[in-house]
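K.L.:
Next up is a structure, given as structure tokens.
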Amino acid sequence: MAPEAAAGAAITETRGEAVQHPESSSKRGRVLRELTRYAILVVASAISLYPVLWLISASLKSQSEYVQDPTALPSGLSFDNFSAVLGDHQILGYVLNSLIVVGVAVPVVTFTAVLAGYAIARLWGRAGMAILFVFLFSELVPLAIVAIPLLLTVKEIGLQSGLLRVICVYSVLMMGFAVLLSWAFFRSVPEELREAARLDGCGEFGVFRRIMLPLARSPITLIAVISFIVLWNELFLAVVLLDNAADRTLPVGLTELRGRYVTNWPKVAAALLLSAIPTLILYGLFQGRIANQFSRSTTRE
Amino acid sequence: MASIRFENVTKRFDDGTVAVKQLRLDVPDGEFMILVGPSGCGKTTALRMVAGLEDVSEGEVMLDGQIVNEVDPGRRDIAMVFQNYALFPHMSVRDNMSFPLKMRGKSKREIASSVDEVATMLGLSELLSRKPSQLSGGQRQRVAMGRAIIRHPAAFLMDEPLSNLDAKLRTQMRGELARMHQRLGVTTLYVTHDQTEAMTLGSQVAVMRDGLVQQVGTPQDLYRSPRNAFVARFIGSPPMNLLRGSLSGSRLRLEGEPEGADVSRHWPQAGGEVLVGIRPEACEIGGDDSREAITISGEVDVVEDLGAETIVYVRSAAPVAGIESGEEKGVSGGFAARLAGGARSMSPGERIRFRVALDDLHLFDAAGGEALSPDQRSLATTAVGGDREAGR
């Protein structure tokens, strides 16, 4: 574990140095390096935080206040927009649709990817690698290219329900990433663990259930959380695939909040902020484990 | 308990490499058999075939008289200790040791009492609730042993179990392994590349090279009458010196040495180019002239004073031959001589002259490396073996 943590530190270190003067080992150099580092971070944070701050500011204004000056700070704290969103049955319907889609697709993706990743890494040999390349390749094709064929395909195979279409396509959408991650994890688990368990009387599935699955908690969490975040916010494919207004997922629904002539931007801002809450909660809960998964492997003894 | 038997076993991998060729080996019930050889000699593959972790390409692997080629690893009733221990990282020590019993459907009470018993025996009682990551190397090693012995298997397979430990711990665990075998008496097949482990642990040792068994015997057999130059070099540390020489008219001459010696009594029929094998401890300075001997002269290169003995590396006039495979590179620094502790101090550059008694010589065919008239040779060694052992 320790060497990997150190390696992680070394990577950040070299990145830092690449930006600044590599020869600066003197105290002044170090201060300068730190300053540059903070400056970059501050700029980066400002860039990503500004839209969020703007959203918050807009969501607290009334429509008339917004029209007068969209960028000005709100005159007071008014949560009318939020209560309007939460009382809007149409929006709540979108939320329900999103929950159904994501609630089915994420477990499907996670379950399938963990099984597939293990089989590719440990059971299927070269055939497995061929399958992995198929998954990898699917990640390289831009969505815009496959969107229309996808729509035709799901219609062709007779998926009438819009939600079912989205669930199927979403599961496929995340599968490449998920299988790749799960494969990479299982490949790092020493082969001897499987062999030892086999000798101790475990069957092939027993090895998976008793040894591999408990070890894979971090990658499983990572796959589930990232799939959730991506799919919860997915807009493009949903727009293509859903032709029934009742089936709209939240991101699609929010785009419909724009009126034909007038758009209530403060209400849209409030809805967008509310829609980000599940993602924030999930990320907050699992942040530690996600960072953990990226920085070190839990399989080392 | 069970015997292990290889009946003309061959292992051919998918890429065409043959790791084990026509292996025939018998490990009788209760034996501690060591498979030793340089890396890549097929010893681990042989072990894994017994475990059922590798398929057998040809021949038969037998456990307790039954052919087990097609038997699932879990049903062979054998336990294996892996080089990296293969402890389950997410389980406590107790759970790791319980695992094989749990898989066999033992009751909770039975499991708990077995674990406690084995833990006491291995000194792990205090550590039962720890995770493997919280243990030292030696402790992990013990847990791996515990997981193996807890279900009283018919045989143990050990794949270099000590190689991840530091030297001191390795010596200590070697002792524990030997004691455990004495106590449990379970048939053990033990793979190592370390000839010291092979010599000290095994009651029988099989030396392998390039997928072939070179010689099987007790450590003493291998040491005193190696069947070929490879075994001679592999067993013993520092390894046996091999010098080029020739034999004609029952006169043995070493290349670069003017004097020869009459060896008609030892190798009456032999002739031609030979390799002359000399154990480092067979070298004497001065010594009594009554025994027939040959002499080797050279210049002292390096002196290693180990207290009880001194190892002197000499640049000899006679060229030192090497056996290409399995040599530890850089270790053979010329001709090595082991002298008893009180040997007078020597300094590099000094001229030195050894006598080696003819009884202590090993002759090998220069082309094939086979020992010359090994039968006669082993008779000779058994006859005098007793007192020479005492003298050493």
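Residues are named by chain letter and number: chains run A, B, ... in the order of the structure tokens, numbers start at 1 in each chain, and ligands are numbered from 1 in the order shown.
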Any idea which chain B residues end up within 9 Å of chain A if we count only C-alpha atoms, as a JSON list (two decimals) with N, CA and C atoms, in the first residue's frame please?

P.N.:
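Result saved to result11.json:
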```json
[["chain", "number", "residue", "atom", "x", "y", "z"],
["B", 51, "ALA", "N", -1.69, -30.59, -7.78],
["B", 51, "ALA", "CA", -2.78, -29.85, -7.17],
["B", 51, "ALA", "C", -4.01, -29.82, -8.06],
["B", 52, "GLY", "N", -3.81, -30.05, -9.35],
["B", 52, "GLY", "CA", -4.93, -29.95, -10.27],
["B", 52, "GLY", "C", -5.09, -28.56, -10.83],
["B", 53, "LEU", "N", -4.07, -27.73, -10.65],
["B", 53, "LEU", "CA", -4.15, -26.36, -11.17],
["B", 53, "LEU", "C", -3.63, -26.29, -12.60],
["B", 72, "ASP", "N", -11.25, -32.80, -9.84],
["B", 72, "ASP", "CA", -11.30, -31.38, -9.48],
["B", 72, "ASP", "C", -10.33, -31.10, -8.31],
["B", 73, "PRO", "N", -9.62, -29.94, -8.37],
["B", 73, "PRO", "CA", -8.65, -29.65, -7.30],
["B", 73, "PRO", "C", -9.25, -29.77, -5.90],
["B", 74, "GLY", "N", -10.49, -29.35, -5.76],
["B", 74, "GLY", "CA", -11.11, -29.36, -4.45],
["B", 74, "GLY", "C", -11.41, -30.76, -3.92],
["B", 75, "ARG", "N", -11.37, -31.74, -4.80],
["B", 75, "ARG", "CA", -11.70, -33.10, -4.38],
["B", 75, "ARG", "C", -10.47, -33.98, -4.22],
["B", 76, "ARG", "N", -9.29, -33.38, -4.34],
["B", 76, "ARG", "CA", -8.08, -34.21, -4.28],
["B", 76, "ARG", "C", -7.59, -34.40, -2.85],
["B", 77, "ASP", "N", -8.17, -33.67, -1.94],
["B", 77, "ASP", "CA", -7.80, -33.76, -0.53],
["B", 77, "ASP", "C", -6.32, -33.44, -0.31],
["B", 78, "ILE", "N", -5.86, -32.37, -0.97],
["B", 78, "ILE", "CA", -4.50, -31.92, -0.74],
["B", 78, "ILE", "C", -4.55, -30.44, -0.40],
["B", 79, "ALA", "N", -3.54, -30.00, 0.33],
["B", 79, "ALA", "CA", -3.49, -28.59, 0.69],
["B", 79, "ALA", "C", -2.21, -28.02, 0.12],
["B", 80, "MET", "N", -2.27, -26.77, -0.26],
["B", 80, "MET", "CA", -1.10, -26.17, -0.89],
["B", 80, "MET", "C", -0.75, -24.87, -0.17],
["B", 81, "VAL", "N", 0.54, -24.66, 0.00],
["B", 81, "VAL", "CA", 1.01, -23.38, 0.54],
["B", 81, "VAL", "C", 1.69, -22.66, -0.61],
["B", 82, "PHE", "N", 1.21, -21.44, -0.89],
["B", 82, "PHE", "CA", 1.73, -20.72, -2.04],
["B", 82, "PHE", "C", 2.89, -19.82, -1.63],
["B", 84, "ASN", "N", 3.33, -16.70, -2.29],
["B", 84, "ASN", "CA", 2.89, -15.42, -1.73],
["B", 84, "ASN", "C", 1.78, -15.62, -0.70],
["B", 85, "TYR", "N", 1.64, -16.85, -0.23],
["B", 85, "TYR", "CA", 0.71, -17.25, 0.83],
["B", 85, "TYR", "C", -0.74, -17.28, 0.40],
["B", 86, "ALA", "N", -1.16, -16.42, -0.54],
["B", 86, "ALA", "CA", -2.54, -16.43, -1.04],
["B", 86, "ALA", "C", -3.56, -16.41, 0.09],
["B", 87, "LEU", "N", -3.32, -15.58, 1.10],
["B", 87, "LEU", "CA", -4.34, -15.40, 2.13],
["B", 87, "LEU", "C", -5.44, -14.50, 1.57],
["B", 88, "PHE", "N", -6.66, -14.72, 2.01],
["B", 88, "PHE", "CA", -7.76, -13.90, 1.50],
["B", 88, "PHE", "C", -7.74, -12.57, 2.24],
["B", 89, "PRO", "N", -7.50, -11.48, 1.53],
["B", 89, "PRO", "CA", -7.23, -10.19, 2.19],
["B", 89, "PRO", "C", -8.43, -9.65, 2.98],
["B", 90, "HIS", "N", -9.63, -10.03, 2.58],
["B", 90, "HIS", "CA", -10.80, -9.46, 3.24],
["B", 90, "HIS", "C", -11.24, -10.28, 4.44],
["B", 99, "PHE", "N", -11.76, -21.31, 6.49],
["B", 99, "PHE", "CA", -12.32, -21.42, 5.14],
["B", 99, "PHE", "C", -12.40, -22.86, 4.60],
["B", 100, "PRO", "N", -11.29, -23.62, 4.65],
["B", 100, "PRO", "CA", -11.38, -24.97, 4.09],
["B", 100, "PRO", "C", -12.40, -25.85, 4.82],
["B", 101, "LEU", "N", -12.52, -25.63, 6.12],
["B", 101, "LEU", "CA", -13.47, -26.44, 6.89],
["B", 101, "LEU", "C", -14.90, -26.04, 6.54],
["B", 103, "MET", "N", -15.90, -24.83, 3.79],
["B", 103, "MET", "CA", -16.22, -25.35, 2.45],
["B", 103, "MET", "C", -16.60, -26.82, 2.51],
["B", 104, "ARG", "N", -16.11, -27.49, 3.54],
["B", 104, "ARG", "CA", -16.43, -28.90, 3.66],
["B", 104, "ARG", "C", -17.62, -29.14, 4.57],
["B", 131, "LYS", "N", -6.43, -8.89, 10.22],
["B", 131, "LYS", "CA", -6.47, -9.12, 8.77],
["B", 131, "LYS", "C", -5.06, -9.42, 8.29],
["B", 132, "PRO", "N", -4.93, -10.13, 7.19],
["B", 132, "PRO", "CA", -3.58, -10.46, 6.69],
["B", 132, "PRO", "C", -2.69, -9.24, 6.52],
["B", 133, "SER", "N", -3.29, -8.09, 6.16],
["B", 133, "SER", "CA", -2.45, -6.92, 5.94],
["B", 133, "SER", "C", -1.81, -6.41, 7.22],
["B", 134, "GLN", "N", -2.33, -6.87, 8.37],
["B", 134, "GLN", "CA", -1.77, -6.42, 9.65],
["B", 134, "GLN", "C", -0.74, -7.39, 10.19],
["B", 135, "LEU", "N", -0.34, -8.37, 9.39],
["B", 135, "LEU", "CA", 0.61, -9.37, 9.87],
["B", 135, "LEU", "C", 1.97, -9.18, 9.22],
["B", 147, "ARG", "N", -3.80, -22.76, 7.48],
["B", 147, "ARG", "CA", -4.92, -23.04, 6.59],
["B", 147, "ARG", "C", -4.72, -24.38, 5.90],
["B", 148, "ALA", "N", -3.44, -24.73, 5.70],
["B", 148, "ALA", "CA", -3.17, -26.01, 5.04],
["B", 148, "ALA", "C", -3.36, -27.19, 5.98]]
```

K.L.:
What's around Gln90 in chain A at 12 Å? Count only C-alpha atoms, leave out sequence neighbours fewer than 2 positions away in its own chain, and write the answer as a ChimeraX atom specification.

P.N.:
/A:84-88,92-97,245-250,252-254,256-257,271

K.L.:
Restricting the output to N, CA and C atoms, write the selected residues as a PDB file, in the first residue's frame.

P.N.:
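Below is the file that was written, again-v4.pdb:
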```pdb
ATOM      1  N   ALA A  84     -42.022  26.060  -6.104  1.00  0.00           N
ATOM      2  CA  ALA A  84     -42.777  25.919  -7.349  1.00  0.00           C
ATOM      3  C   ALA A  84     -42.367  24.642  -8.071  1.00  0.00           C
ATOM      4  N   VAL A  85     -41.048  24.376  -8.105  1.00  0.00           N
ATOM      5  CA  VAL A  85     -40.557  23.165  -8.772  1.00  0.00           C
ATOM      6  C   VAL A  85     -41.082  21.926  -8.063  1.00  0.00           C
ATOM      7  N   LEU A  86     -40.969  21.932  -6.725  1.00  0.00           N
ATOM      8  CA  LEU A  86     -41.370  20.743  -5.965  1.00  0.00           C
ATOM      9  C   LEU A  86     -42.879  20.520  -6.019  1.00  0.00           C
ATOM     10  N   GLY A  87     -43.631  21.575  -6.318  1.00  0.00           N
ATOM     11  CA  GLY A  87     -45.076  21.407  -6.400  1.00  0.00           C
ATOM     12  C   GLY A  87     -45.557  21.119  -7.816  1.00  0.00           C
ATOM     13  N   ASP A  88     -44.612  21.097  -8.763  1.00  0.00           N
ATOM     14  CA  ASP A  88     -44.973  20.892 -10.161  1.00  0.00           C
ATOM     15  C   ASP A  88     -45.096  19.394 -10.449  1.00  0.00           C
ATOM     16  N   LEU A  92     -42.216  16.356 -11.103  1.00  0.00           N
ATOM     17  CA  LEU A  92     -42.113  15.179 -10.237  1.00  0.00           C
ATOM     18  C   LEU A  92     -42.264  13.900 -11.055  1.00  0.00           C
ATOM     19  N   GLY A  93     -43.082  13.960 -12.088  1.00  0.00           N
ATOM     20  CA  GLY A  93     -43.216  12.812 -12.988  1.00  0.00           C
ATOM     21  C   GLY A  93     -41.901  12.511 -13.691  1.00  0.00           C
ATOM     22  N   TYR A  94     -41.202  13.574 -14.138  1.00  0.00           N
ATOM     23  CA  TYR A  94     -39.891  13.372 -14.763  1.00  0.00           C
ATOM     24  C   TYR A  94     -38.918  12.729 -13.780  1.00  0.00           C
ATOM     25  N   VAL A  95     -38.978  13.220 -12.549  1.00  0.00           N
ATOM     26  CA  VAL A  95     -38.076  12.667 -11.524  1.00  0.00           C
ATOM     27  C   VAL A  95     -38.340  11.178 -11.363  1.00  0.00           C
ATOM     28  N   LEU A  96     -39.618  10.823 -11.303  1.00  0.00           N
ATOM     29  CA  LEU A  96     -39.969   9.414 -11.154  1.00  0.00           C
ATOM     30  C   LEU A  96     -39.420   8.597 -12.323  1.00  0.00           C
ATOM     31  N   ASN A  97     -39.618   9.109 -13.545  1.00  0.00           N
ATOM     32  CA  ASN A  97     -39.094   8.409 -14.725  1.00  0.00           C
ATOM     33  C   ASN A  97     -37.584   8.209 -14.621  1.00  0.00           C
ATOM     34  N   ALA A 245     -44.329  12.212 -24.383  1.00  0.00           N
ATOM     35  CA  ALA A 245     -44.069  13.233 -23.362  1.00  0.00           C
ATOM     36  C   ALA A 245     -44.116  12.661 -21.951  1.00  0.00           C
ATOM     37  N   ALA A 246     -44.937  11.654 -21.733  1.00  0.00           N
ATOM     38  CA  ALA A 246     -45.088  11.099 -20.388  1.00  0.00           C
ATOM     39  C   ALA A 246     -43.849  10.334 -19.939  1.00  0.00           C
ATOM     40  N   ASP A 247     -43.002   9.933 -20.907  1.00  0.00           N
ATOM     41  CA  ASP A 247     -41.831   9.116 -20.568  1.00  0.00           C
ATOM     42  C   ASP A 247     -40.593   9.953 -20.280  1.00  0.00           C
ATOM     43  N   ARG A 248     -40.700  11.276 -20.391  1.00  0.00           N
ATOM     44  CA  ARG A 248     -39.502  12.101 -20.284  1.00  0.00           C
ATOM     45  C   ARG A 248     -38.771  11.891 -18.964  1.00  0.00           C
ATOM     46  N   THR A 249     -37.449  11.807 -19.100  1.00  0.00           N
ATOM     47  CA  THR A 249     -36.641  11.757 -17.884  1.00  0.00           C
ATOM     48  C   THR A 249     -36.359  13.190 -17.461  1.00  0.00           C
ATOM     49  N   LEU A 250     -35.788  13.341 -16.277  1.00  0.00           N
ATOM     50  CA  LEU A 250     -35.607  14.677 -15.725  1.00  0.00           C
ATOM     51  C   LEU A 250     -34.820  15.627 -16.642  1.00  0.00           C
ATOM     52  N   VAL A 252     -34.472  15.637 -19.835  1.00  0.00           N
ATOM     53  CA  VAL A 252     -35.305  15.999 -20.981  1.00  0.00           C
ATOM     54  C   VAL A 252     -36.403  16.958 -20.527  1.00  0.00           C
ATOM     55  N   GLY A 253     -37.026  16.619 -19.411  1.00  0.00           N
ATOM     56  CA  GLY A 253     -38.110  17.436 -18.893  1.00  0.00           C
ATOM     57  C   GLY A 253     -37.664  18.859 -18.617  1.00  0.00           C
ATOM     58  N   LEU A 254     -36.470  18.997 -18.078  1.00  0.00           N
ATOM     59  CA  LEU A 254     -36.005  20.340 -17.732  1.00  0.00           C
ATOM     60  C   LEU A 254     -35.830  21.200 -18.978  1.00  0.00           C
ATOM     61  N   GLU A 256     -37.707  21.124 -21.374  1.00  0.00           N
ATOM     62  CA  GLU A 256     -39.061  21.501 -21.784  1.00  0.00           C
ATOM     63  C   GLU A 256     -39.635  22.638 -20.939  1.00  0.00           C
ATOM     64  N   LEU A 257     -38.908  22.977 -19.879  1.00  0.00           N
ATOM     65  CA  LEU A 257     -39.395  24.080 -19.052  1.00  0.00           C
ATOM     66  C   LEU A 257     -39.286  25.411 -19.792  1.00  0.00           C
ATOM     67  N   ALA A 271     -34.809  24.230 -10.594  1.00  0.00           N
ATOM     68  CA  ALA A 271     -34.992  22.821 -10.952  1.00  0.00           C
ATOM     69  C   ALA A 271     -33.642  22.150 -11.206  1.00  0.00           C
TER      70      ALA A 271
END
```

K.L.:
Would you mind writing down, as a compact mmCIF listing (two decimals) with N, CA and C atoms, in the first residue's frame, each residue of range 236-307 of chain B that DSSP on the backbone assigns to strand (DSSP E or B)?

P.N.:
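Okay, out-v2.txt is ready:
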```txt
# COMPACT_ATOMS: atom_id res chain seq x y z
N ASN B 241 33.89 -27.58 -7.70
CA ASN B 241 34.72 -27.05 -8.77
C ASN B 241 34.84 -28.09 -9.87
N LEU B 242 34.74 -27.63 -11.10
CA LEU B 242 34.92 -28.54 -12.23
C LEU B 242 36.11 -28.05 -13.04
N LEU B 243 37.09 -28.92 -13.18
CA LEU B 243 38.28 -28.55 -13.95
C LEU B 243 38.38 -29.44 -15.17
N ARG B 244 38.91 -28.86 -16.24
CA ARG B 244 39.09 -29.68 -17.45
C ARG B 244 40.32 -30.57 -17.28
N GLY B 245 40.19 -31.77 -17.78
CA GLY B 245 41.32 -32.67 -17.67
C GLY B 245 41.21 -33.77 -18.70
N SER B 246 42.19 -34.64 -18.73
CA SER B 246 42.10 -35.77 -19.65
C SER B 246 42.65 -37.01 -18.97
N LEU B 247 42.17 -38.12 -19.45
CA LEU B 247 42.49 -39.40 -18.85
C LEU B 247 43.04 -40.28 -19.97
N SER B 248 44.29 -40.67 -19.84
CA SER B 248 44.79 -41.60 -20.86
C SER B 248 45.75 -42.56 -20.17
N ARG B 251 46.08 -42.49 -16.53
CA ARG B 251 46.76 -41.35 -15.91
C ARG B 251 45.88 -40.11 -16.09
N LEU B 252 45.56 -39.45 -14.98
CA LEU B 252 44.70 -38.27 -15.02
C LEU B 252 45.56 -37.02 -15.01
N ARG B 253 45.35 -36.19 -15.99
CA ARG B 253 46.08 -34.92 -16.03
C ARG B 253 45.09 -33.78 -16.02
N LEU B 254 45.38 -32.78 -15.23
CA LEU B 254 44.56 -31.57 -15.26
C LEU B 254 45.20 -30.61 -16.24
N GLY B 260 50.54 -35.34 -13.19
CA GLY B 260 49.29 -36.10 -13.26
C GLY B 260 49.23 -37.05 -12.09
N ALA B 261 48.26 -37.95 -12.14
CA ALA B 261 48.18 -38.94 -11.09
C ALA B 261 47.66 -40.23 -11.68
N ASP B 262 48.08 -41.32 -11.11
CA ASP B 262 47.64 -42.62 -11.58
C ASP B 262 46.29 -42.96 -10.93
N GLY B 272 39.87 -40.45 -22.12
CA GLY B 272 39.36 -39.32 -22.90
C GLY B 272 39.27 -38.04 -22.10
N GLU B 273 38.55 -37.09 -22.70
CA GLU B 273 38.39 -35.79 -22.05
C GLU B 273 37.44 -35.92 -20.86
N VAL B 274 37.78 -35.34 -19.76
CA VAL B 274 36.92 -35.43 -18.58
C VAL B 274 36.80 -34.07 -17.89
N LEU B 275 35.77 -33.98 -17.06
CA LEU B 275 35.68 -32.86 -16.13
C LEU B 275 36.00 -33.44 -14.76
N VAL B 276 36.87 -32.78 -14.06
CA VAL B 276 37.28 -33.27 -12.75
C VAL B 276 36.56 -32.45 -11.69
N GLY B 277 35.74 -33.12 -10.90
CA GLY B 277 34.97 -32.42 -9.89
C GLY B 277 35.64 -32.49 -8.53
N ILE B 278 35.77 -31.35 -7.92
CA ILE B 278 36.43 -31.30 -6.60
C ILE B 278 35.57 -30.47 -5.66
N CYS B 283 39.88 -29.89 -0.59
CA CYS B 283 41.22 -29.33 -0.80
C CYS B 283 41.99 -29.28 0.52
N GLU B 284 43.23 -29.69 0.44
CA GLU B 284 44.06 -29.62 1.64
C GLU B 284 45.34 -28.87 1.29
N ILE B 285 45.81 -28.14 2.27
CA ILE B 285 47.12 -27.52 2.09
C ILE B 285 48.11 -28.40 2.82
N ALA B 293 47.08 -38.49 -4.31
CA ALA B 293 46.43 -37.20 -4.50
C ALA B 293 46.91 -36.55 -5.78
N ILE B 294 46.15 -35.55 -6.24
CA ILE B 294 46.66 -34.69 -7.30
C ILE B 294 46.83 -33.29 -6.71
N THR B 295 47.59 -32.51 -7.39
CA THR B 295 47.83 -31.17 -6.86
C THR B 295 47.27 -30.12 -7.81
N ILE B 296 46.84 -29.03 -7.21
CA ILE B 296 46.34 -27.89 -7.98
C ILE B 296 47.03 -26.67 -7.44
N SER B 297 47.53 -25.85 -8.34
CA SER B 297 48.20 -24.65 -7.85
C SER B 297 47.56 -23.42 -8.47
N GLY B 298 47.71 -22.33 -7.81
CA GLY B 298 47.12 -21.10 -8.31
C GLY B 298 47.47 -19.92 -7.43
N GLU B 299 46.77 -18.86 -7.67
CA GLU B 299 47.05 -17.61 -6.98
C GLU B 299 45.78 -17.21 -6.23
N VAL B 300 45.94 -16.85 -4.96
CA VAL B 300 44.77 -16.49 -4.16
C VAL B 300 44.11 -15.24 -4.73
N ASP B 301 42.79 -15.32 -4.90
CA ASP B 301 42.05 -14.18 -5.47
C ASP B 301 41.28 -13.46 -4.37
N VAL B 302 40.37 -14.18 -3.72
CA VAL B 302 39.55 -13.59 -2.66
C VAL B 302 39.58 -14.53 -1.47
N VAL B 303 39.64 -13.97 -0.27
CA VAL B 303 39.58 -14.79 0.93
C VAL B 303 38.34 -14.39 1.73
N GLU B 304 37.47 -15.36 2.00
CA GLU B 304 36.29 -15.09 2.84
C GLU B 304 36.46 -15.85 4.15
N ASP B 305 36.78 -15.12 5.20
CA ASP B 305 36.98 -15.78 6.49
C ASP B 305 35.65 -15.80 7.23
```

K.L.:
For range 12-24 of chain B, find every residue with an atom within 9 Å (counting only C-alpha atoms), except residues of its own chain fewer than 6 positions away, and show them as a VMD selection string.

P.N.:
chain B and resid 5 to 6 40 to 43 45 to 46 56 to 59 210 to 213

K.L.:
Give me the residues near range 151-164 of chain A as a PDB file with C-alpha atoms, in the first residue's frame, where near means some atom within 9 Å (using only C-alpha atoms) and where sequence neighbours in that chain fewer than 5 positions away do not count.

P.N.:
```pdb
ATOM      1  CA  ASN A  97     -39.094   8.409 -14.725  1.00  0.00           C
ATOM      2  CA  SER A  98     -35.444   9.183 -14.120  1.00  0.00           C
ATOM      3  CA  ILE A 100     -36.981   4.196 -12.713  1.00  0.00           C
ATOM      4  CA  VAL A 101     -34.517   4.358 -15.600  1.00  0.00           C
ATOM      5  CA  VAL A 146     -24.877   5.684 -33.301  1.00  0.00           C
ATOM      6  CA  VAL A 169     -29.596   1.739 -24.267  1.00  0.00           C
ATOM      7  CA  LEU A 237     -29.904   9.806 -26.110  1.00  0.00           C
ATOM      8  CA  ALA A 238     -33.011  10.323 -24.031  1.00  0.00           C
ATOM      9  CA  VAL A 240     -33.554  10.806 -29.354  1.00  0.00           C
ATOM     10  CA  LEU A 241     -35.195   7.738 -27.873  1.00  0.00           C
ATOM     11  CA  LEU A 242     -38.231   9.176 -26.108  1.00  0.00           C
ATOM     12  CA  ASP A 243     -41.125  10.263 -28.273  1.00  0.00           C
ATOM     13  CA  ASN A 244     -43.838  10.178 -25.621  1.00  0.00           C
ATOM     14  CA  ASP A 247     -41.831   9.116 -20.568  1.00  0.00           C
ATOM     15  CA  ARG A 248     -39.502  12.101 -20.284  1.00  0.00           C
ATOM     16  CA  THR A 249     -36.641  11.757 -17.884  1.00  0.00           C
TER      17      THR A 249
END
```
